[in-house]
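Let me begin by presenting the structure, written as structure tokens, before commenting on it.
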Amino acid sequence: MELHDVWFVLIAVLWTGYFFLEGFDFGVGILTKLLARNRPERRVLINTIGPVWDGNEVWLLTAGGATFAAFPEWYATLFSGFYLPLLVILVCLIVRGVAFEYRAKRPEENWQRNWETAIFWTSLIPAFLWGVAFGNIVGGVKIDRNFEYVGTVGDLFNPYALLGGLVTLTLFTFHGAVFTALKTVGDIRLRARKLALRVGLVTAVLALGFLLWTQADSGDSKSMVALIVAVAALVAALVANQLGREGWSFALSGVTIVASVAMLFLSLFPNVMPSTLNGDWSLTVTNASSSPYTLKIMTWCAAIATPLVLLYQGWTYWVFRKRIGTQHIAPEAAAGAAH
């Protein structure tokens, strides 16, 4: 296997890790409006991801940096062609981080409610737009002979990409609901399981349609295996959720995300951005990659740094592994006081 193929796989792994971790992160943010009934419950939801949300975003930074270094042509075409949607995602992630940090800085109800609303929208919008972006990456966009995107912003919101956006939105919400059931106690835990069932059924219908569409357009036998795993894992996650096996449900919803992302990258390879104007103008792992020397240096750096990052992040989740409920929220915090 050539180094550019290795780095295509590594970038796929990074995006998979990002969607697995930030997926439930976004889902919990969306649930602050859909599930929580009062301020203490919203605080419980925020506290479930409070220690980990910023660490989850490291996967996005690493995926973007790896793409820039390993496939500069891919990075240039992607970020210039998808400039506005990616800018919206970036702004949302910035505002979201500020909202988490500033929500409890003042005790006024309006202050906290406004930041909670910001958390909801800045979780929902990226969850949708990431699906739109990857729908276009896999489905193909208008790239000319110079490897430049020549379409418009409106071209990015085509039926296939919009369906992809709905899939990531509902899948992340389902992932967040089962994570909430896993991390909480009391009434909110039970309601999270009920909501997970409803959202999961919608997700199953949308995901099956999107994955079958992808398979019909650009799939092969390997991507078909990933499709079957994704669908089977989602069904099993719903069953586990109904049986009250929250740990299994969360793990299986994670497998659904992993298998779905794997299918997209398997359908994409050896392209990294197909051209809908002319197949010869598509960006591939060969014509979009950096020099072999650059890839070699990157491989050594990744081999040293990646295990350290995984150990640290795993330790963080272990430290904050216990369930929480409204009884763990201090009275002054529940009333909205700064603490």
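Letters A, B, ... mark the chains of the structure tokens in the order given; residue numbers begin at 1 per chain; ligand numbers begin at 1, in order shown.
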
(request) From the DSSP assignment of the backbone, select every residue of segment 175-277 of chain A that is alpha helix (DSSP H), and format the answer as number ranges by chain. (result) A: 175-183, 187-218, 221-242, 246-268

Using only C-alpha atoms, please write the residues we just selected to a file, as an mmCIF file, in the first residue's frame.
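Okay, this is what ended up in again.cif:
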data_model
loop_
_atom_site.group_PDB
_atom_site.id
_atom_site.type_symbol
_atom_site.label_atom_id
_atom_site.label_comp_id
_atom_site.auth_asym_id
_atom_site.auth_seq_id
_atom_site.Cartn_x
_atom_site.Cartn_y
_atom_site.Cartn_z
ATOM 1 C CA HIS A 175 -26.537 9.008 19.305
ATOM 2 C CA GLY A 176 -26.905 11.878 21.784
ATOM 3 C CA ALA A 177 -30.142 10.468 23.189
ATOM 4 C CA VAL A 178 -28.642 7.050 23.936
ATOM 5 C CA PHE A 179 -25.578 8.767 25.409
ATOM 6 C CA THR A 180 -27.883 10.809 27.643
ATOM 7 C CA ALA A 181 -29.654 7.637 28.782
ATOM 8 C CA LEU A 182 -26.259 6.113 29.532
ATOM 9 C CA LYS A 183 -25.003 9.110 31.511
ATOM 10 C CA ASP A 187 -36.820 10.631 34.875
ATOM 11 C CA ILE A 188 -34.593 12.275 32.282
ATOM 12 C CA ARG A 189 -32.934 8.906 31.640
ATOM 13 C CA LEU A 190 -36.280 7.247 30.907
ATOM 14 C CA ARG A 191 -37.430 10.073 28.660
ATOM 15 C CA ALA A 192 -34.128 9.946 26.792
ATOM 16 C CA ARG A 193 -34.733 6.285 25.991
ATOM 17 C CA LYS A 194 -38.247 7.013 24.718
ATOM 18 C CA LEU A 195 -37.010 9.880 22.560
ATOM 19 C CA ALA A 196 -34.165 7.710 21.266
ATOM 20 C CA LEU A 197 -36.716 5.195 19.966
ATOM 21 C CA ARG A 198 -38.672 7.828 18.046
ATOM 22 C CA VAL A 199 -35.612 9.532 16.609
ATOM 23 C CA GLY A 200 -33.979 6.195 15.866
ATOM 24 C CA LEU A 201 -36.893 5.001 13.740
ATOM 25 C CA VAL A 202 -36.748 8.177 11.652
ATOM 26 C CA THR A 203 -32.982 7.802 11.384
ATOM 27 C CA ALA A 204 -33.317 4.219 10.160
ATOM 28 C CA VAL A 205 -35.580 5.225 7.280
ATOM 29 C CA LEU A 206 -33.430 8.189 6.215
ATOM 30 C CA ALA A 207 -30.124 6.356 6.612
ATOM 31 C CA LEU A 208 -31.292 3.328 4.645
ATOM 32 C CA GLY A 209 -32.388 5.552 1.772
ATOM 33 C CA PHE A 210 -29.135 7.547 1.758
ATOM 34 C CA LEU A 211 -26.852 4.523 2.005
ATOM 35 C CA LEU A 212 -28.717 2.631 -0.712
ATOM 36 C CA TRP A 213 -28.516 5.704 -2.953
ATOM 37 C CA THR A 214 -24.763 5.860 -2.312
ATOM 38 C CA GLN A 215 -24.346 2.162 -3.006
ATOM 39 C CA ALA A 216 -26.268 2.429 -6.272
ATOM 40 C CA ASP A 217 -24.189 5.372 -7.465
ATOM 41 C CA SER A 218 -20.639 4.444 -6.477
ATOM 42 C CA SER A 221 -18.863 -5.215 -2.548
ATOM 43 C CA LYS A 222 -16.819 -3.686 0.303
ATOM 44 C CA SER A 223 -19.145 -0.730 0.710
ATOM 45 C CA MET A 224 -22.117 -3.111 0.643
ATOM 46 C CA VAL A 225 -20.663 -4.955 3.648
ATOM 47 C CA ALA A 226 -20.300 -1.623 5.471
ATOM 48 C CA LEU A 227 -23.902 -0.744 4.568
ATOM 49 C CA ILE A 228 -25.203 -4.015 5.996
ATOM 50 C CA VAL A 229 -23.188 -3.524 9.194
ATOM 51 C CA ALA A 230 -24.485 0.052 9.582
ATOM 52 C CA VAL A 231 -28.136 -0.942 9.167
ATOM 53 C CA ALA A 232 -27.835 -4.016 11.381
ATOM 54 C CA ALA A 233 -26.080 -2.019 14.112
ATOM 55 C CA LEU A 234 -28.759 0.677 14.047
ATOM 56 C CA VAL A 235 -31.544 -1.885 14.389
ATOM 57 C CA ALA A 236 -29.654 -3.608 17.207
ATOM 58 C CA ALA A 237 -29.133 -0.240 18.931
ATOM 59 C CA LEU A 238 -32.881 0.351 18.881
ATOM 60 C CA VAL A 239 -33.530 -3.097 20.344
ATOM 61 C CA ALA A 240 -30.902 -2.597 23.057
ATOM 62 C CA ASN A 241 -32.413 0.788 23.867
ATOM 63 C CA GLN A 242 -35.848 -0.796 24.333
ATOM 64 C CA GLU A 246 -27.894 1.691 27.414
ATOM 65 C CA GLY A 247 -24.230 0.732 27.169
ATOM 66 C CA TRP A 248 -24.906 -1.666 24.310
ATOM 67 C CA SER A 249 -27.224 0.831 22.642
ATOM 68 C CA PHE A 250 -24.577 3.541 22.715
ATOM 69 C CA ALA A 251 -21.867 1.196 21.453
ATOM 70 C CA LEU A 252 -24.097 0.009 18.607
ATOM 71 C CA SER A 253 -25.128 3.538 17.623
ATOM 72 C CA GLY A 254 -21.403 4.259 17.493
ATOM 73 C CA VAL A 255 -20.894 1.229 15.236
ATOM 74 C CA THR A 256 -23.615 2.654 12.982
ATOM 75 C CA ILE A 257 -21.667 5.891 12.617
ATOM 76 C CA VAL A 258 -18.361 4.089 12.085
ATOM 77 C CA ALA A 259 -19.797 1.754 9.440
ATOM 78 C CA SER A 260 -21.647 4.596 7.671
ATOM 79 C CA VAL A 261 -18.543 6.774 7.427
ATOM 80 C CA ALA A 262 -16.517 3.756 6.336
ATOM 81 C CA MET A 263 -19.024 3.113 3.568
ATOM 82 C CA LEU A 264 -18.735 6.690 2.327
ATOM 83 C CA PHE A 265 -14.949 6.534 2.161
ATOM 84 C CA LEU A 266 -15.011 3.069 0.555
ATOM 85 C CA SER A 267 -17.397 4.422 -2.084
ATOM 86 C CA LEU A 268 -15.138 7.432 -2.594
#

(request) Name the residues in contact with segment 144-160 of chain A at a cut-off of 6 Å, using only C-alpha atoms, excluding same-chain residues fewer than 3 positions from it; report them as a PyMOL selection string. (result) chain A and resi 77+81+163+281

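Atom pair atom CA of Lys105 of chain A / atom CA of Glu57 of chain A has a distance of 22.8 Å (rounded to one decimal).
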